[in-house]
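work02.txt follows (compact mmCIF, C-alpha atoms (C1' of nucleotides)):
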```
# COMPACT_ATOMS: atom_id res chain seq x y z
CA MET A 10 80.09 84.60 60.57
CA THR A 11 79.62 85.73 64.12
CA GLU A 12 76.94 83.19 65.09
CA ASN A 13 79.19 80.24 65.79
CA ALA A 14 81.96 82.45 66.87
CA ALA A 15 79.80 83.80 69.68
CA ALA A 16 79.23 80.32 71.06
CA LYS A 17 82.91 79.56 70.97
CA ALA A 18 83.59 83.01 72.24
CA HIS A 19 83.73 82.22 75.89
CA ALA A 20 86.41 79.62 75.43
CA CYS A 21 88.42 81.73 73.02
CA SER A 22 87.17 85.19 72.49
CA TYR A 23 89.76 86.75 70.26
CA GLU A 24 91.41 85.59 67.08
CA THR A 25 93.66 86.87 64.36
CA ASP A 26 92.61 87.54 60.82
CA GLU A 27 94.44 86.58 57.67
CA HIS A 28 96.84 89.48 58.08
CA GLY A 29 97.76 88.54 61.63
CA LEU A 30 95.74 91.39 63.15
CA ALA A 31 94.01 90.48 66.36
CA HIS A 32 90.37 91.23 67.02
CA TRP A 33 87.53 90.21 69.33
CA THR A 34 84.09 89.01 68.57
CA GLU A 35 81.75 91.88 67.96
CA ALA A 36 79.99 91.80 71.32
CA HIS A 37 83.25 91.64 73.19
CA ALA A 38 84.71 94.53 71.28
CA ASP A 39 81.56 96.59 71.76
CA ALA A 40 81.57 95.91 75.48
CA TRP A 41 85.21 96.73 76.10
CA ILE A 42 85.69 99.52 73.61
CA GLY A 43 82.30 100.86 74.61
CA LEU A 44 83.37 101.01 78.21
CA LEU A 45 86.46 103.01 77.31
CA GLU A 46 84.61 105.23 74.91
CA THR A 47 81.64 105.87 77.15
CA HIS A 48 83.86 106.70 80.08
CA LYS A 49 85.89 109.06 77.93
CA GLN A 50 82.85 110.92 76.67
CA LEU A 51 80.98 111.17 79.93
CA THR A 52 83.89 112.17 82.10
CA ARG A 53 85.07 114.75 79.59
CA ALA A 54 81.69 116.41 79.52
CA LEU A 55 80.98 116.15 83.23
CA ASP A 56 84.44 117.23 84.26
CA ALA A 57 84.33 120.23 81.96
CA GLU A 58 80.97 121.27 83.35
CA LEU A 59 82.08 120.82 86.93
CA THR A 60 85.24 122.81 86.31
CA ALA A 61 83.39 125.61 84.58
CA GLN A 62 80.64 125.93 87.16
CA HIS A 63 82.43 125.21 90.41
CA GLY A 64 86.13 125.12 89.69
CA LEU A 65 86.32 121.52 90.85
CA SER A 66 87.66 118.47 89.09
CA LEU A 67 85.82 115.19 89.41
CA SER A 68 88.51 114.03 91.82
CA GLY A 69 88.30 117.23 93.81
CA LEU A 70 84.58 116.78 94.22
CA GLU A 71 85.03 113.19 95.25
CA LEU A 72 87.48 114.08 98.00
CA LEU A 73 85.35 116.95 99.20
CA ALA A 74 82.28 114.73 99.25
CA ARG A 75 84.07 112.07 101.23
CA LEU A 76 85.21 114.63 103.76
CA ALA A 77 81.72 116.03 104.00
CA ALA A 78 80.34 112.58 104.78
CA ALA A 79 83.12 111.63 107.17
CA ASP A 80 82.97 111.55 110.91
CA GLN A 81 84.12 114.93 112.24
CA ARG A 82 84.22 116.09 108.62
CA GLN A 83 87.85 115.02 108.50
CA MET A 84 90.03 112.19 107.22
CA HIS A 85 93.70 111.34 106.89
CA LEU A 86 95.14 111.75 103.42
CA THR A 87 96.03 108.08 103.30
CA GLN A 88 92.42 107.17 104.06
CA LEU A 89 91.24 109.46 101.29
CA ALA A 90 93.70 107.93 98.87
CA GLY A 91 92.61 104.43 99.73
CA ALA A 92 88.94 105.27 99.51
CA SER A 93 89.16 107.14 96.23
CA GLY A 94 91.69 105.02 94.39
CA LEU A 95 93.95 108.00 93.88
CA SER A 96 97.62 108.01 94.72
CA LEU A 97 98.64 109.63 97.96
CA SER A 98 100.69 112.20 96.10
CA ARG A 99 97.69 113.25 94.06
CA VAL A 100 95.50 113.50 97.13
CA SER A 101 98.14 115.63 98.80
CA ARG A 102 98.16 118.05 95.90
CA ILE A 103 94.40 118.16 95.45
CA ILE A 104 93.96 118.89 99.15
CA GLY A 105 96.65 121.54 98.74
CA GLY A 106 94.58 123.22 96.08
CA LEU A 107 91.39 123.00 98.09
CA GLU A 108 93.23 124.42 101.07
CA GLU A 109 94.40 127.42 99.06
CA ARG A 110 90.80 128.03 98.14
CA LYS A 111 89.85 127.88 101.84
CA LEU A 112 87.56 124.90 101.42
CA VAL A 113 89.47 122.53 103.68
CA GLU A 114 92.03 122.87 106.46
CA ARG A 115 94.98 120.74 107.40
CA HIS A 116 95.34 119.91 111.07
CA SER A 117 98.23 117.82 112.26
CA CYS A 118 96.99 114.72 114.02
CA PRO A 119 97.46 114.87 117.79
CA SER A 120 98.06 111.14 118.10
CA ASP A 121 100.50 110.78 115.19
CA ALA A 122 102.78 113.61 114.23
CA ARG A 123 103.34 112.19 110.76
CA ALA A 124 99.69 112.31 109.90
CA VAL A 125 97.38 115.12 108.85
CA HIS A 126 93.67 115.54 109.18
CA ALA A 127 92.11 117.16 106.15
CA GLN A 128 88.95 118.79 107.41
CA ILE A 129 86.26 120.36 105.29
CA ASN A 130 84.92 123.69 106.52
CA ASP A 131 81.60 125.44 106.02
CA ALA A 132 82.59 127.00 102.72
CA GLY A 133 83.62 123.57 101.49
CA LEU A 134 80.37 122.03 102.62
CA ALA A 135 78.39 124.70 100.84
CA LEU A 136 80.37 124.14 97.68
CA VAL A 137 79.97 120.37 97.84
CA ARG A 138 76.23 120.73 98.13
CA SER A 139 75.79 123.03 95.20
CA ALA A 140 78.33 121.16 93.06
CA GLN A 141 76.72 117.82 93.80
CA ALA A 142 73.29 119.14 93.03
CA THR A 143 74.21 120.20 89.51
CA HIS A 144 76.62 117.33 89.00
CA PHE A 145 74.12 114.67 89.98
CA ALA A 146 71.55 116.18 87.67
CA SER A 147 74.07 116.03 84.84
CA VAL A 148 74.94 112.42 85.49
CA GLN A 149 71.26 111.66 85.58
CA ALA A 150 70.71 113.30 82.22
CA ALA A 151 73.85 112.04 80.53
CA PHE A 152 73.90 108.53 81.92
CA PHE A 153 70.93 107.19 83.86
CA ASP A 154 68.33 108.62 81.52
CA GLN A 155 69.77 106.42 78.77
CA LEU A 156 69.31 103.26 80.86
CA ASP A 157 66.40 101.30 82.23
CA GLU A 158 66.31 99.90 85.75
CA ASN A 159 67.38 96.42 84.73
CA GLU A 160 70.40 97.72 82.95
CA ILE A 161 71.36 99.83 85.93
CA ALA A 162 71.06 96.77 88.16
CA THR A 163 73.26 94.75 85.82
CA LEU A 164 75.89 97.45 85.70
CA ALA A 165 75.85 97.77 89.47
CA CYS A 166 76.27 94.03 89.83
CA VAL A 167 79.03 93.78 87.24
CA PHE A 168 81.04 96.75 88.40
CA GLY A 169 80.63 95.74 92.01
CA ARG A 170 82.82 92.78 91.13
CA PHE A 171 85.67 95.05 90.08
CA ALA A 172 85.31 97.83 92.60
CA PRO A 173 84.30 96.47 95.96
CA ARG A 174 85.61 99.69 97.46
CA ALA A 175 83.08 101.80 95.61
CA SER A 176 79.97 100.81 97.52
CA GLY A 177 81.03 102.07 100.91
CA ARG A 178 81.07 105.70 99.95
CA CYS A 179 79.35 109.02 100.45
CA ASP A 180 76.03 107.24 100.88
CA ALA A 181 77.79 105.10 103.42
CA GLY A 182 75.13 104.60 106.06
CA ALA A 183 73.74 101.49 104.39
CA MET B 25 57.00 95.71 85.89
CA THR B 26 59.85 98.14 85.79
CA GLU B 27 57.46 100.73 84.39
CA ASN B 28 56.61 102.30 87.72
CA ALA B 29 60.01 102.02 89.19
CA ALA B 30 61.51 103.50 86.09
CA ALA B 31 58.99 106.30 86.10
CA LYS B 32 59.76 107.13 89.69
CA ALA B 33 63.44 106.78 89.10
CA HIS B 34 63.29 109.15 86.23
CA ALA B 35 61.45 111.72 88.24
CA CYS B 36 63.83 111.67 91.19
CA SER B 37 66.72 109.31 91.52
CA TYR B 38 68.83 111.25 93.91
CA GLU B 39 68.00 112.98 97.14
CA THR B 40 69.64 114.85 99.97
CA ASP B 41 70.03 113.55 103.49
CA GLU B 42 69.38 115.42 106.70
CA HIS B 43 72.71 117.20 106.40
CA GLY B 44 72.06 118.39 102.89
CA LEU B 45 74.47 115.95 101.29
CA ALA B 46 73.28 114.56 98.01
CA HIS B 47 73.31 110.87 97.22
CA TRP B 48 71.81 108.40 94.78
CA THR B 49 69.96 105.22 95.39
CA GLU B 50 72.37 102.38 96.01
CA ALA B 51 72.04 100.74 92.62
CA HIS B 52 72.55 104.03 90.83
CA ALA B 53 75.61 104.86 92.86
CA ASP B 54 77.06 101.40 92.32
CA ALA B 55 76.49 101.63 88.59
CA TRP B 56 78.00 105.06 88.09
CA ILE B 57 80.78 104.96 90.67
CA GLY B 58 81.47 101.40 89.61
CA LEU B 59 81.93 102.51 86.03
CA LEU B 60 84.44 105.17 87.05
CA GLU B 61 86.21 102.88 89.46
CA THR B 62 86.35 99.91 87.13
CA HIS B 63 87.67 102.00 84.31
CA LYS B 64 90.30 103.52 86.55
CA GLN B 65 91.53 100.16 87.78
CA LEU B 66 91.52 98.35 84.48
CA THR B 67 93.11 101.08 82.41
CA ARG B 68 95.79 101.70 85.01
CA ALA B 69 96.78 98.07 85.05
CA LEU B 70 96.53 97.50 81.32
CA ASP B 71 98.27 100.70 80.40
CA ALA B 72 101.11 99.99 82.79
CA GLU B 73 101.57 96.53 81.34
CA LEU B 74 101.46 97.78 77.78
CA THR B 75 103.96 100.51 78.53
CA ALA B 76 106.32 98.14 80.31
CA GLN B 77 106.20 95.43 77.68
CA HIS B 78 105.93 97.38 74.44
CA GLY B 79 106.51 101.00 75.24
CA LEU B 80 103.06 101.89 73.98
CA SER B 81 100.26 103.76 75.69
CA LEU B 82 96.70 102.56 75.23
CA SER B 83 96.14 105.44 72.83
CA GLY B 84 99.29 104.68 70.92
CA LEU B 85 98.20 101.10 70.42
CA GLU B 86 94.78 102.22 69.31
CA LEU B 87 96.20 104.50 66.64
CA LEU B 88 98.66 101.89 65.48
CA ALA B 89 95.91 99.27 65.31
CA ARG B 90 93.70 101.56 63.27
CA LEU B 91 96.50 102.24 60.84
CA ALA B 92 97.25 98.54 60.58
CA ALA B 93 93.64 97.83 59.68
CA ALA B 94 93.29 100.77 57.31
CA ASP B 95 93.30 100.69 53.56
CA GLN B 96 96.87 101.22 52.35
CA ARG B 97 97.90 101.06 56.01
CA GLN B 98 97.50 104.80 56.16
CA MET B 99 95.10 107.45 57.39
CA HIS B 100 94.89 111.22 57.77
CA LEU B 101 95.44 112.51 61.27
CA THR B 102 91.99 114.04 61.31
CA GLN B 103 90.48 110.67 60.46
CA LEU B 104 92.43 109.07 63.26
CA ALA B 105 91.29 111.74 65.69
CA GLY B 106 87.67 111.29 64.71
CA ALA B 107 87.83 107.54 64.89
CA SER B 108 89.60 107.37 68.22
CA GLY B 109 87.91 110.22 70.05
CA LEU B 110 91.25 111.90 70.69
CA SER B 111 91.94 115.52 69.94
CA LEU B 112 93.79 116.27 66.75
CA SER B 113 96.64 117.81 68.69
CA ARG B 114 97.07 114.64 70.72
CA VAL B 115 97.03 112.48 67.61
CA SER B 116 99.65 114.71 66.06
CA ARG B 117 101.94 114.26 69.02
CA ILE B 118 101.36 110.55 69.43
CA ILE B 119 102.13 110.00 65.75
CA GLY B 120 105.18 112.17 66.29
CA GLY B 121 106.39 109.81 68.96
CA LEU B 122 105.66 106.73 66.89
CA GLU B 123 107.50 108.31 63.98
CA GLU B 124 110.58 108.88 66.11
CA ARG B 125 110.51 105.22 66.98
CA LYS B 126 110.33 104.36 63.28
CA LEU B 127 106.96 102.65 63.55
CA VAL B 128 105.04 104.99 61.25
CA GLU B 129 105.93 107.47 58.53
CA ARG B 130 104.39 110.76 57.59
CA HIS B 131 103.76 111.30 53.89
CA SER B 132 102.26 114.53 52.67
CA CYS B 133 99.07 113.88 50.80
CA PRO B 134 99.40 114.35 47.03
CA SER B 135 95.86 115.62 46.61
CA ASP B 136 95.85 118.06 49.52
CA ALA B 137 99.05 119.75 50.58
CA ARG B 138 97.68 120.59 54.03
CA ALA B 139 97.05 116.96 54.87
CA VAL B 140 99.34 114.18 55.97
CA HIS B 141 99.10 110.44 55.61
CA ALA B 142 100.30 108.59 58.66
CA GLN B 143 101.40 105.20 57.40
CA ILE B 144 102.37 102.23 59.53
CA ASN B 145 105.46 100.34 58.36
CA ASP B 146 106.56 96.74 58.85
CA ALA B 147 108.16 97.40 62.20
CA GLY B 148 104.93 99.01 63.34
CA LEU B 149 102.87 96.11 62.11
CA ALA B 150 105.07 93.65 63.93
CA LEU B 151 104.77 95.66 67.11
CA VAL B 152 101.00 95.93 66.83
CA ARG B 153 100.67 92.22 66.48
CA SER B 154 102.75 91.32 69.48
CA ALA B 155 101.31 94.12 71.59
CA GLN B 156 97.75 93.18 70.72
CA ALA B 157 98.38 89.54 71.46
CA THR B 158 99.46 90.20 75.03
CA HIS B 159 97.06 93.08 75.50
CA PHE B 160 94.01 91.14 74.38
CA ALA B 161 94.95 88.29 76.65
CA SER B 162 95.18 90.73 79.55
CA VAL B 163 91.82 92.29 78.80
CA GLN B 164 90.38 88.82 78.61
CA ALA B 165 91.78 87.88 81.99
CA ALA B 166 91.07 91.17 83.73
CA PHE B 167 87.66 91.90 82.23
CA PHE B 168 85.85 89.29 80.18
CA ASP B 169 86.71 86.42 82.48
CA GLN B 170 84.72 88.18 85.21
CA LEU B 171 81.60 88.37 83.04
CA ASP B 172 79.17 85.92 81.54
CA GLU B 173 77.89 86.17 77.98
CA ASN B 174 74.62 87.85 78.96
CA GLU B 175 76.42 90.53 80.85
CA ILE B 176 78.77 91.14 77.95
CA ALA B 177 75.78 91.47 75.64
CA THR B 178 74.11 93.95 77.99
CA LEU B 179 77.26 96.02 78.25
CA ALA B 180 77.68 96.00 74.49
CA CYS B 181 74.09 97.13 74.06
CA VAL B 182 74.27 99.83 76.70
CA PHE B 183 77.60 101.26 75.66
CA GLY B 184 76.63 101.13 72.03
CA ARG B 185 74.11 103.82 72.90
CA PHE B 186 76.82 106.18 74.08
CA ALA B 187 79.58 105.35 71.63
CA PRO B 188 78.16 104.72 68.19
CA ARG B 189 81.60 105.40 66.81
CA ALA B 190 83.14 102.50 68.66
CA SER B 191 81.67 99.66 66.64
CA GLY B 192 83.24 100.51 63.33
CA ARG B 193 86.76 99.87 64.40
CA CYS B 194 89.71 97.58 63.93
CA ASP B 195 87.35 94.68 63.35
CA ALA B 196 85.62 96.91 60.89
CA GLY B 197 84.61 94.51 58.11
CA ALA B 198 81.31 93.56 59.78
C1' DC C 21 91.51 137.15 39.84
C1' DA C 22 91.17 138.42 44.80
C1' DC C 23 89.40 137.86 49.19
C1' DA C 24 87.06 135.53 52.91
C1' DA C 25 85.81 131.35 55.18
C1' DC C 26 87.16 127.08 56.21
C1' DT C 27 90.14 123.05 56.97
C1' DA C 28 94.72 120.08 58.26
C1' DG C 29 98.16 120.03 61.17
C1' DT C 30 101.54 121.92 64.69
C1' DT C 31 102.84 123.87 68.99
C1' DG C 32 102.69 126.51 73.68
C1' DC C 33 100.51 125.97 77.70
C1' DG C 34 98.22 124.38 81.83
C1' DG C 35 96.09 120.64 84.31
C1' DG C 36 95.55 115.72 85.70
C1' DC C 37 97.97 111.62 86.99
C1' DG C 38 101.44 108.26 89.30
C1' DC C 39 106.16 106.93 90.43
C1' DA C 40 110.24 107.56 92.88
C1' DA C 41 113.03 109.93 95.99
C1' DC C 42 113.04 112.42 100.15
C1' DT C 43 111.82 114.13 105.18
C1' DG C 44 110.13 113.28 109.49
C1' DT C 45 107.77 109.96 112.85
C1' DT C 46 106.57 105.68 114.79
C1' DG C 47 106.97 101.25 116.57
C1' DG C 48 109.02 96.88 117.24
C1' DC C 49 112.99 94.15 118.64
C1' DG C 50 117.37 93.12 120.47
C1' DC D 16 118.10 102.28 125.55
C1' DG D 17 119.40 102.36 120.36
C1' DC D 18 118.46 100.93 115.87
C1' DC D 19 116.08 99.92 111.67
C1' DA D 20 111.92 98.92 109.07
C1' DA D 21 107.57 100.66 108.01
C1' DC D 22 104.64 104.48 107.36
C1' DA D 23 102.44 109.61 106.47
C1' DG D 24 103.08 113.13 103.63
C1' DT D 25 105.57 116.23 100.24
C1' DT D 26 107.80 117.31 96.04
C1' DG D 27 110.40 116.72 91.38
C1' DC D 28 109.65 114.67 87.26
C1' DG D 29 107.70 112.85 83.12
C1' DC D 30 103.66 111.16 80.79
C1' DC D 31 98.89 111.90 78.99
C1' DC D 32 95.32 115.06 77.79
C1' DG D 33 92.69 119.11 75.47
C1' DC D 34 92.28 124.04 74.36
C1' DA D 35 93.69 127.99 71.97
C1' DA D 36 96.59 130.34 68.90
C1' DC D 37 99.07 129.94 64.78
C1' DT D 38 100.72 128.49 59.86
C1' DA D 39 99.65 127.08 55.54
C1' DG D 40 96.77 125.36 51.93
C1' DT D 41 91.86 124.93 50.01
C1' DT D 42 87.43 126.29 48.42
C1' DG D 43 83.76 129.18 47.28
C1' DT D 44 82.02 133.68 45.72
C1' DG D 45 81.71 138.14 43.61
```

Take the structure I supplied and represent it as structure tokens, if you would.
Amino acid sequence: MTENAAAKAHACSYETDEHGLAHWTEAHADAWIGLLETHKQLTRALDAELTAQHGLSLSGLELLARLAAADQRQMHLTQLAGASGLSLSRVSRIIGGLEERKLVERHSCPSDARAVHAQINDAGLALVRSAQATHFASVQAAFFDQLDENEIATLACVFGRFAPRASGRCDAGA
Amino acid sequence: MTENAAAKAHACSYETDEHGLAHWTEAHADAWIGLLETHKQLTRALDAELTAQHGLSLSGLELLARLAAADQRQMHLTQLAGASGLSLSRVSRIIGGLEERKLVERHSCPSDARAVHAQINDAGLALVRSAQATHFASVQAAFFDQLDENEIATLACVFGRFAPRASGRCDAGA
DNA sequence: CACAACTAGTTGCGGGCGCAACTGTTGGCG
DNA sequence: CGCCAACAGTTGCGCCCGCAACTAGTTGTG
């Protein structure tokens, strides 16, 4: 029953059954639900590991990594928020936590008294390096090792459509 | 063809630059970061819409949909937790909220006094239908419309590897 | 039967998250 | 110059989430 449905799928990819309950074609459901499910599983595991080993959340690591890669090792909170897709309020609080742990410092911006430079220090840099080392290995094992190169390329292409922001990141140079 | 690349990739797919900062190859970064980023964007938007229009979170809709599709329109909380990948405590509280809104009822299980049947009622069914209708249309517009059939198939295949649980869901019959 | 091991569900707690309201600063425009 | 809109950042709040501790009922074993 899914054969013809799949062909029609692009034009109309969800329907309702005899009880009025909506559902997708199988491939569509697997793709969407799979995305949610896979994200849930992977981030739960990776975040837990990161927290246990380095006391950092995924978001904390992301901000720290961006600072580490930034010019002068510093960025404005608004820049960080824009780059990471987090709200400014969240960034403010995460930086607050990192500051308490003496991993970053806040310096008020000389050219704009409203603004703040969050600057990563040597302790922060050291932590980023060790956290990234173990984290990247985990992502490799949990994610990339389950995929072949073609699949990785497809994912990169597909997700690039949704998250143009993502590419210009810690790797940046390119 | 991909044999060698894949072999190399498997051996070492991330490196450190001259400053000791770790990074992946571009395609790897785009795939992984893109997954995180895409999920963040889509779920934020969809969840906000769902909440605004129907007062349901994504998780709430999932539970309600599972109940609607279940035999007797009822399930044990533990079953729901297992099927949805949520913790039992979360399921308990979400069902609590739905119960307050008179969308589901708790019935203690006749054959096991510890257990509870969460049962969706007519109001719940009506809400599921209308919520799914708009939600599915949104997912279609925000997600599937950006993909072609081959990409959807690849995603379904890839994510199926991580989330075996996902396939046997609301569509279930298959 | 009695006792231990296990299971279903509930609840206290802490953490992540964004929105909205607020302070202080800046910059444009009359 | 004075004023107001826009902006950077902070903080109160409420939601979502899981873990751990707890209650209560079940099952297996001597």

Counting all atoms listed in the file, chain A residues within 7 Å of chain C, as a PyMOL selection string: chain A and resi 96+122-123

Present chain A as a compact mmCIF listing (two decimals) with C-alpha atoms, keeping the file's coordinate frame, least-squares fitted onto chain B over all of its C-alpha atoms paired in order.
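So selection_31.txt came out as:
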```
# COMPACT_ATOMS: atom_id res chain seq x y z
CA MET A 10 63.21 101.98 101.47
CA THR A 11 64.50 101.39 98.00
CA GLU A 12 61.58 99.27 96.75
CA ASN A 13 59.17 102.05 95.93
CA ALA A 14 61.94 104.38 95.11
CA ALA A 15 63.07 102.07 92.33
CA ALA A 16 59.66 102.21 90.68
CA LYS A 17 59.60 105.96 90.86
CA ALA A 18 63.20 106.00 89.86
CA HIS A 19 62.74 106.38 86.18
CA ALA A 20 60.66 109.49 86.55
CA CYS A 21 62.92 111.00 89.18
CA SER A 22 66.03 109.11 89.91
CA TYR A 23 67.88 111.29 92.34
CA GLU A 24 66.81 113.06 95.49
CA THR A 25 68.28 114.95 98.38
CA ASP A 26 68.47 113.71 101.91
CA GLU A 27 67.63 115.61 105.06
CA HIS A 28 70.95 117.42 104.94
CA GLY A 29 70.48 118.59 101.37
CA LEU A 30 73.00 116.10 99.98
CA ALA A 31 72.03 114.66 96.65
CA HIS A 32 72.13 110.96 95.91
CA TRP A 33 70.77 108.42 93.42
CA THR A 34 68.89 105.26 93.96
CA GLU A 35 71.22 102.40 94.68
CA ALA A 36 71.06 100.77 91.26
CA HIS A 37 71.66 104.05 89.51
CA ALA A 38 74.62 104.88 91.67
CA ASP A 39 76.08 101.41 91.22
CA ALA A 40 75.70 101.64 87.46
CA TRP A 41 77.24 105.07 87.04
CA ILE A 42 79.87 104.95 89.74
CA GLY A 43 80.62 101.39 88.71
CA LEU A 44 81.24 102.50 85.17
CA LEU A 45 83.71 105.13 86.33
CA GLU A 46 85.36 102.83 88.80
CA THR A 47 85.59 99.85 86.50
CA HIS A 48 87.05 101.94 83.73
CA LYS A 49 89.58 103.43 86.11
CA GLN A 50 90.73 100.06 87.38
CA LEU A 51 90.87 98.26 84.08
CA THR A 52 92.56 100.98 82.10
CA ARG A 53 95.12 101.58 84.83
CA ALA A 54 96.11 97.95 84.88
CA LEU A 55 96.00 97.39 81.14
CA ASP A 56 97.79 100.60 80.32
CA ALA A 57 100.53 99.87 82.82
CA GLU A 58 101.02 96.41 81.38
CA LEU A 59 101.06 97.67 77.82
CA THR A 60 103.56 100.37 78.70
CA ALA A 61 105.82 97.98 80.55
CA GLN A 62 105.81 95.29 77.90
CA HIS A 63 105.69 97.26 74.67
CA GLY A 64 106.25 100.89 75.53
CA LEU A 65 102.85 101.79 74.13
CA SER A 66 99.98 103.65 75.72
CA LEU A 67 96.44 102.47 75.10
CA SER A 68 96.00 105.39 72.72
CA GLY A 69 99.24 104.63 70.95
CA LEU A 70 98.13 101.07 70.37
CA GLU A 71 94.78 102.22 69.11
CA LEU A 72 96.33 104.52 66.52
CA LEU A 73 98.83 101.92 65.44
CA ALA A 74 96.08 99.33 65.12
CA ARG A 75 93.96 101.64 63.03
CA LEU A 76 96.88 102.33 60.73
CA ALA A 77 97.61 98.65 60.46
CA ALA A 78 94.03 97.97 59.38
CA ALA A 79 93.81 100.94 57.04
CA ASP A 80 93.98 100.90 53.30
CA GLN A 81 97.61 101.41 52.26
CA ARG A 82 98.49 101.20 55.95
CA GLN A 83 98.12 104.96 56.14
CA MET A 84 95.66 107.61 57.30
CA HIS A 85 95.49 111.37 57.71
CA LEU A 86 95.90 112.62 61.25
CA THR A 87 92.47 114.19 61.15
CA GLN A 88 90.95 110.84 60.19
CA LEU A 89 92.76 109.18 63.06
CA ALA A 90 91.54 111.82 65.46
CA GLY A 91 87.98 111.44 64.32
CA ALA A 92 88.09 107.67 64.45
CA SER A 93 89.71 107.45 67.86
CA GLY A 94 87.97 110.29 69.64
CA LEU A 95 91.28 111.93 70.45
CA SER A 96 92.04 115.55 69.75
CA LEU A 97 94.07 116.32 66.68
CA SER A 98 96.83 117.80 68.79
CA ARG A 99 97.14 114.61 70.78
CA VAL A 100 97.20 112.48 67.66
CA SER A 101 99.91 114.71 66.24
CA ARG A 102 102.06 114.20 69.31
CA ILE A 103 101.43 110.47 69.62
CA ILE A 104 102.34 109.99 65.96
CA GLY A 105 105.41 112.12 66.66
CA GLY A 106 106.47 109.70 69.35
CA LEU A 107 105.80 106.66 67.21
CA GLU A 108 107.77 108.27 64.41
CA GLU A 109 110.77 108.80 66.67
CA ARG A 110 110.62 105.12 67.49
CA LYS A 111 110.58 104.31 63.76
CA LEU A 112 107.20 102.62 63.88
CA VAL A 113 105.41 105.00 61.53
CA GLU A 114 106.43 107.52 58.88
CA ARG A 115 104.98 110.84 57.91
CA HIS A 116 104.51 111.45 54.21
CA SER A 117 103.10 114.71 52.98
CA CYS A 118 99.97 114.13 50.96
CA PRO A 119 100.49 114.65 47.24
CA SER A 120 96.97 115.96 46.69
CA ASP A 121 96.86 118.35 49.66
CA ALA A 122 99.99 120.03 50.90
CA ARG A 123 98.44 120.76 54.28
CA ALA A 124 97.80 117.13 55.01
CA VAL A 125 100.04 114.31 56.16
CA HIS A 126 99.77 110.59 55.72
CA ALA A 127 100.84 108.68 58.79
CA GLN A 128 101.93 105.30 57.53
CA ILE A 129 102.80 102.31 59.65
CA ASN A 130 105.90 100.39 58.61
CA ASP A 131 106.95 96.78 59.10
CA ALA A 132 108.41 97.38 62.54
CA GLY A 133 105.16 99.01 63.56
CA LEU A 134 103.12 96.14 62.20
CA ALA A 135 105.23 93.65 64.09
CA LEU A 136 104.81 95.62 67.27
CA VAL A 137 101.06 95.95 66.83
CA ARG A 138 100.73 92.22 66.43
CA SER A 139 102.67 91.28 69.49
CA ALA A 140 101.16 94.07 71.59
CA GLN A 141 97.64 93.15 70.56
CA ALA A 142 98.23 89.51 71.28
CA THR A 143 99.17 90.13 74.90
CA HIS A 144 96.77 93.03 75.30
CA PHE A 145 93.77 91.10 74.04
CA ALA A 146 94.59 88.24 76.35
CA SER A 147 94.70 90.67 79.26
CA VAL A 148 91.38 92.23 78.39
CA GLN A 149 89.95 88.76 78.11
CA ALA A 150 91.20 87.83 81.55
CA ALA A 151 90.43 91.11 83.27
CA PHE A 152 87.11 91.86 81.64
CA PHE A 153 85.38 89.25 79.49
CA ASP A 154 86.11 86.37 81.83
CA GLN A 155 84.02 88.13 84.47
CA LEU A 156 81.00 88.34 82.15
CA ASP A 157 78.64 85.89 80.53
CA GLU A 158 77.52 86.15 76.92
CA ASN A 159 74.23 87.84 77.73
CA GLU A 160 75.94 90.51 79.71
CA ILE A 161 78.41 91.13 76.93
CA ALA A 162 75.53 91.47 74.48
CA THR A 163 73.79 93.96 76.76
CA LEU A 164 76.92 96.02 77.17
CA ALA A 165 77.51 96.01 73.43
CA CYS A 166 73.96 97.15 72.82
CA VAL A 167 74.04 99.84 75.49
CA PHE A 168 77.41 101.27 74.62
CA GLY A 169 76.62 101.15 70.94
CA ARG A 170 74.07 103.85 71.69
CA PHE A 171 76.75 106.18 73.01
CA ALA A 172 79.59 105.36 70.68
CA PRO A 173 78.33 104.71 67.19
CA ARG A 174 81.84 105.42 65.98
CA ALA A 175 83.29 102.49 67.87
CA SER A 176 81.88 99.67 65.78
CA GLY A 177 83.57 100.56 62.53
CA ARG A 178 87.06 99.88 63.74
CA CYS A 179 90.03 97.57 63.41
CA ASP A 180 87.69 94.66 62.73
CA ALA A 181 86.12 96.86 60.11
CA GLY A 182 85.33 94.41 57.34
CA ALA A 183 81.90 93.60 58.74
```

Within 8 Å of chain A: residues of chain D, using only C-alpha atoms (C1' of nucleotides), as number ranges by chain: D: 23-25

Could you dump the residues just selected with C-alpha atoms (C1' of nucleotides) as a PDB file, in the frame of the given file?
```
ATOM      1  C1'  DA D  23     102.440 109.610 106.470  1.00  0.00           C
ATOM      2  C1'  DG D  24     103.080 113.130 103.630  1.00  0.00           C
ATOM      3  C1'  DT D  25     105.570 116.230 100.240  1.00  0.00           C
TER       4       DT D  25
END
```

Surrounding residues of A:Ala132 excluding itself and chain neighbours under 2 positions, 10 Å, only C-alpha atoms (C1' of nucleotides), as a PyMOL selection string: chain A and resi 110-113+129-130+134-137

Atom CA of A:Leu156 to atom CA of A:Ala142, straight-line distance in Å: 20.4 Å

Edge lengths and centre in Å, axis-aligned, stretch 18-21 of chain D plus 4 Å each side, as AutoDock Vina command-line options:
```
--center_x 113.0 --center_y 99.9 --center_z 111.9 --size_x 18.9 --size_y 10.0 --size_z 15.9
```

Separation of atom CA of A:Ala140 from atom CA of A:Leu65 in Å: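 We find that atom CA of A:Leu65 and atom CA of A:Ala140 lie 8.3 Å from each other.
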
Protein/DNA/RNA residues near (97.8, 105.3, 62.0), cut 10 Å, only C-alpha atoms (C1' of nucleotides), as a ChimeraX atom specification: /B:84-94,97-101,103-105,115,118-119,122,127-130,141-145,148
